Amino acid sequence: MPGGQAFITETRAAAKAAGITLFDVDDPDQGIVHVISPELGIVLPGCTLIAPDSHTCTQGAFGALAWGIGSSEAEHAMATGALRLAKPKSMRVTFTGKLAEGTTAKDMILTLLANHGAAGGKGHAVEFAGEAITALDMEGRMTLCNMATEFSAMSGFIAPDDKAFTYLKGRRYAPHGAMWDDAVASWKSLRSDGQASFDQEITIDARKVAPMVSWGTNPGQTIAIDAAVPSEGEDRSLEYIALKNGQPIKGVRIDAAFIGSCTNSRLSDLRRASALLKGKKIADGVKAICVPGSTRVKREAEAEGIDQIFKNAGFEWRESGCSMCFYAGGESFDAGSRVVSTTNRNFESRQGPNVKTHIASPETVVASAIAGAIADPREIANG
């Protein structure tokens, strides 16, 4: 059966023959698809967007209906321009109030998963709403929508507003001139009616959201940084992750730290992480890696000196891409090692053979890399 090399070379040839733009590995705009699509203005409010990647729902942050599909569905969509889809149920998740200092969009979505489980959104398209959602910047909204698939939702999305319009204006594939004005006028109508009803509603007080970290082997197995592993945690997960019922998560020793993936590898993520890291060193024995989500993010971070902060602290600074978000037979973390990671999944062996992954925000990953153990970023921020 053909391997990855054949897939890449044939894709190049087919794209060239059909006159399709291909963002190849040497393209100055290449990167993770869910990072470069917003950067280039490919995703727009109200559009329907599919890709053979489960985290395509990231782009619902712009009010698009975006979801991941399989390769056979992708082939069908490319051949016919259509795709049959069963209508999902509707759900609204409302975050009231304002986030406390030191918490992020990653902590918001992990709180939802901790409270309602990794299957809580199954069969639903989820709209995120509320004061805390409106307050997020676009990159935070992308982080939130990215993990709607971890909630088993068909997609996650946010009504487009002035923040979305400002983000998209002037980007390569966005409308320009009079077409832009017409588009914005249309996009402003893309929101739920005031009296809209949903099949299910969830409300979370954003003021109570704390820095979160996963303790098990699915994203729903997550707790606040100052909490303990549940007293009735699942035996298989605990056996794999090598933790005990009732054990505090803070202070668990780590072997590695990873900042990257389509969840948390944008410029704002790297800025926040580097602000905590500046002038500090990671703990001895910790392997730490930072991978920007696109070549553009890498260029802009380097222009700001962010790369030097990471390298001076002891992080590896790499070329953009998915990198060690998932293990597919190439490079991985050492077998059996414990990693705190900004990725979206903590499945068994997700980042290498028997690797134990704890998912968290960039701030929590940096704090843990400095401490050599899972740590509260608020303590680092407060000195």
# chains A, B, ... in the order shown; residues from 1 in each chain; ligands from 1
>>> select_by_dssp(residues="range 229-379 of chain A", states="alpha helix (DSSP H)", output="ChimeraX atom specification")
/A:235-241,267-277,295-303,306-313,362-371,377-379
>>> residues_around(residues="Ser294 in chain A", least_positions_apart="6", cutoff="9 Å", atoms="only C-alpha atoms", output="MDAnalysis selection string")
chainID A and resid 28:33 35:36 265:266 319:321
>>> atom_distance(atom1="CA of Asp269 in chain A", atom2="CA of Glu304 in chain A")
13.5 Å
>>> closest_residue(among="A:Thr104, A:Thr111, A:Thr357, A:Ser152", to="Asp137 in chain A", atoms="only C-alpha atoms")
A:Thr104
>>> select_by_dssp(residues="range 121-182 of chain A", states="strand (DSSP E)", output="mmCIF file with N, CA and C atoms, in the first residue's frame")
data_model
loop_
_atom_site.group_PDB
_atom_site.id
_atom_site.type_symbol
_atom_site.label_atom_id
_atom_site.label_comp_id
_atom_site.auth_asym_id
_atom_site.auth_seq_id
_atom_site.Cartn_x
_atom_site.Cartn_y
_atom_site.Cartn_z
ATOM 1 N N HIS A 124 -24.481 16.817 18.380
ATOM 2 C CA HIS A 124 -24.888 18.214 18.421
ATOM 3 C C HIS A 124 -23.918 19.122 17.665
ATOM 4 N N ALA A 125 -24.452 20.197 17.133
ATOM 5 C CA ALA A 125 -23.646 21.351 16.721
ATOM 6 C C ALA A 125 -23.739 22.342 17.877
ATOM 7 N N VAL A 126 -22.601 22.822 18.350
ATOM 8 C CA VAL A 126 -22.544 23.607 19.580
ATOM 9 C C VAL A 126 -22.232 25.061 19.287
ATOM 10 N N GLU A 127 -23.100 25.941 19.751
ATOM 11 C CA GLU A 127 -22.807 27.370 19.707
ATOM 12 C C GLU A 127 -22.269 27.808 21.064
ATOM 13 N N PHE A 128 -21.115 28.463 21.047
ATOM 14 C CA PHE A 128 -20.541 29.040 22.268
ATOM 15 C C PHE A 128 -20.981 30.495 22.361
ATOM 16 N N ALA A 129 -21.469 30.892 23.524
ATOM 17 C CA ALA A 129 -22.017 32.234 23.684
ATOM 18 C C ALA A 129 -21.743 32.730 25.103
ATOM 19 N N SER A 155 -19.677 20.007 15.424
ATOM 20 C CA SER A 155 -18.912 21.230 15.197
ATOM 21 C C SER A 155 -19.155 22.178 16.366
ATOM 22 N N GLY A 156 -18.315 23.182 16.466
ATOM 23 C CA GLY A 156 -18.505 24.252 17.427
ATOM 24 C C GLY A 156 -18.353 25.569 16.698
ATOM 25 N N PHE A 157 -19.122 26.578 17.083
ATOM 26 C CA PHE A 157 -19.031 27.853 16.370
ATOM 27 C C PHE A 157 -19.438 28.998 17.281
#
>>> closest_residue(among="A:Ser323, A:Thr96, A:Ser37, A:Thr58", to="Ile204 in chain A", atoms="only C-alpha atoms")
A:Thr96
>>> closest_residue(among="A:Asp107, A:Glu379, A:Asp53, A:Glu331", to="Ala360 in chain A", atoms="only C-alpha atoms")
A:Asp107
>>> closest_atom_pairs(of="range 17-58 of chain A", to="range 77-90 of chain A", cutoff="12 Å", atoms="only C-alpha atoms", output="tab-separated table")
residue	atom	partner	partner_atom	distance
A:Thr48	CA	A:Ala82	CA	10.6
A:Leu49	CA	A:Ala77	CA	10.8
A:Ile50	CA	A:Ala77	CA	8.9
A:Ala51	CA	A:Ala77	CA	9.8
A:Pro52	CA	A:Ala77	CA	10.9
>>> write_last_selection(atoms="all heavy atoms", output="PDB file, in the first residue's frame")
ATOM      1  N   THR A  48     -19.366  27.020   4.512  1.00  0.00           N
ATOM      2  CA  THR A  48     -19.315  25.617   4.911  1.00  0.00           C
ATOM      3  C   THR A  48     -17.935  25.105   4.544  1.00  0.00           C
ATOM      4  O   THR A  48     -17.500  25.242   3.403  1.00  0.00           O
ATOM      5  CB  THR A  48     -20.389  24.791   4.179  1.00  0.00           C
ATOM      6  OG1 THR A  48     -21.681  25.304   4.513  1.00  0.00           O
ATOM      7  CG2 THR A  48     -20.319  23.333   4.575  1.00  0.00           C
ATOM      8  N   LEU A  49     -17.237  24.550   5.527  1.00  0.00           N
ATOM      9  CA  LEU A  49     -15.839  24.177   5.312  1.00  0.00           C
ATOM     10  C   LEU A  49     -15.592  22.791   5.881  1.00  0.00           C
ATOM     11  O   LEU A  49     -15.925  22.516   7.040  1.00  0.00           O
ATOM     12  CB  LEU A  49     -14.936  25.215   5.985  1.00  0.00           C
ATOM     13  CG  LEU A  49     -13.443  25.195   5.660  1.00  0.00           C
ATOM     14  CD1 LEU A  49     -12.868  26.603   5.782  1.00  0.00           C
ATOM     15  CD2 LEU A  49     -12.676  24.253   6.577  1.00  0.00           C
ATOM     16  N   ILE A  50     -15.031  21.908   5.075  1.00  0.00           N
ATOM     17  CA  ILE A  50     -14.708  20.557   5.514  1.00  0.00           C
ATOM     18  C   ILE A  50     -13.249  20.256   5.212  1.00  0.00           C
ATOM     19  O   ILE A  50     -12.640  20.851   4.318  1.00  0.00           O
ATOM     20  CB  ILE A  50     -15.607  19.498   4.840  1.00  0.00           C
ATOM     21  CG1 ILE A  50     -15.517  19.618   3.313  1.00  0.00           C
ATOM     22  CG2 ILE A  50     -17.043  19.628   5.324  1.00  0.00           C
ATOM     23  CD1 ILE A  50     -16.263  18.513   2.575  1.00  0.00           C
ATOM     24  N   ALA A  51     -12.699  19.318   5.957  1.00  0.00           N
ATOM     25  CA  ALA A  51     -11.335  18.846   5.713  1.00  0.00           C
ATOM     26  C   ALA A  51     -11.176  17.506   6.408  1.00  0.00           C
ATOM     27  O   ALA A  51     -11.847  17.249   7.420  1.00  0.00           O
ATOM     28  CB  ALA A  51     -10.306  19.840   6.247  1.00  0.00           C
ATOM     29  N   PRO A  52     -10.326  16.647   5.893  1.00  0.00           N
ATOM     30  CA  PRO A  52     -10.133  15.338   6.525  1.00  0.00           C
ATOM     31  C   PRO A  52      -9.263  15.432   7.781  1.00  0.00           C
ATOM     32  O   PRO A  52      -8.188  14.850   7.877  1.00  0.00           O
ATOM     33  CB  PRO A  52      -9.473  14.506   5.415  1.00  0.00           C
ATOM     34  CG  PRO A  52      -8.810  15.506   4.540  1.00  0.00           C
ATOM     35  CD  PRO A  52      -9.634  16.746   4.603  1.00  0.00           C
TER      36      PRO A  52
END
>>> atom_distance(atom1="CA of Ala185 in chain A", atom2="CA of Gly130 in chain A")
22.5 Å
>>> closest_residue(among="A:Asn218, A:Glu316, A:Ala275, A:Thr295", to="Arg350 in chain A", atoms="only C-alpha atoms")
A:Asn218
>>> closest_residue(among="A:Lys250, A:Glu302, A:Thr11, A:Thr222", to="Pro377 in chain A", atoms="only C-alpha atoms")
A:Lys250
>>> closest_residue(among="A:Pro248, A:Pro230, A:Gly372, A:Gly117", to="Ala283 in chain A", atoms="only C-alpha atoms")
A:Gly372
>>> atom_distance(atom1="CA of Gly63 in chain A", atom2="CA of Ile158 in chain A")
5.2 Å
>>> residues_around(residues="Lys122 in chain A", least_positions_apart="5", cutoff="8 Å", atoms="only C-alpha atoms", output="PyMOL selection string")
chain A and resi 151-154
>>> write_last_selection(atoms="N, CA and C atoms", output="short mmCIF file (atom, residue, chain, number, x, y, z; two decimals), in the first residue's frame")
data_model
loop_
_atom_site.label_atom_id
_atom_site.label_comp_id
_atom_site.auth_asym_id
_atom_site.auth_seq_id
_atom_site.Cartn_x
_atom_site.Cartn_y
_atom_site.Cartn_z
N PHE A 151 -15.38 17.15 22.62
CA PHE A 151 -16.67 17.10 23.30
C PHE A 151 -17.64 16.19 22.52
N SER A 152 -17.12 15.58 21.46
CA SER A 152 -17.88 14.72 20.55
C SER A 152 -18.92 15.48 19.75
N ALA A 153 -18.79 16.81 19.68
CA ALA A 153 -19.73 17.61 18.89
C ALA A 153 -19.41 17.49 17.41
N MET A 154 -20.44 17.62 16.58
CA MET A 154 -20.25 17.65 15.13
C MET A 154 -19.42 18.86 14.76
#
>>> closest_atom_pairs(of="range 204-298 of chain A", to="range 332-337 of chain A", cutoff="8 Å", atoms="only C-alpha atoms", output="JSON lines")
{"residue": "A:Ile254", "atom": "CA", "partner": "A:Ser337", "partner_atom": "CA", "distance": 7.6}
{"residue": "A:Asp255", "atom": "CA", "partner": "A:Ser337", "partner_atom": "CA", "distance": 5.8}
{"residue": "A:Ala256", "atom": "CA", "partner": "A:Ser337", "partner_atom": "CA", "distance": 7.4}
>>> residues_around(residues="Val229 in chain A", least_positions_apart="6", cutoff="10 Å", atoms="only C-alpha atoms", output="PyMOL selection string")
chain A and resi 214-216+221-223+238+243-249
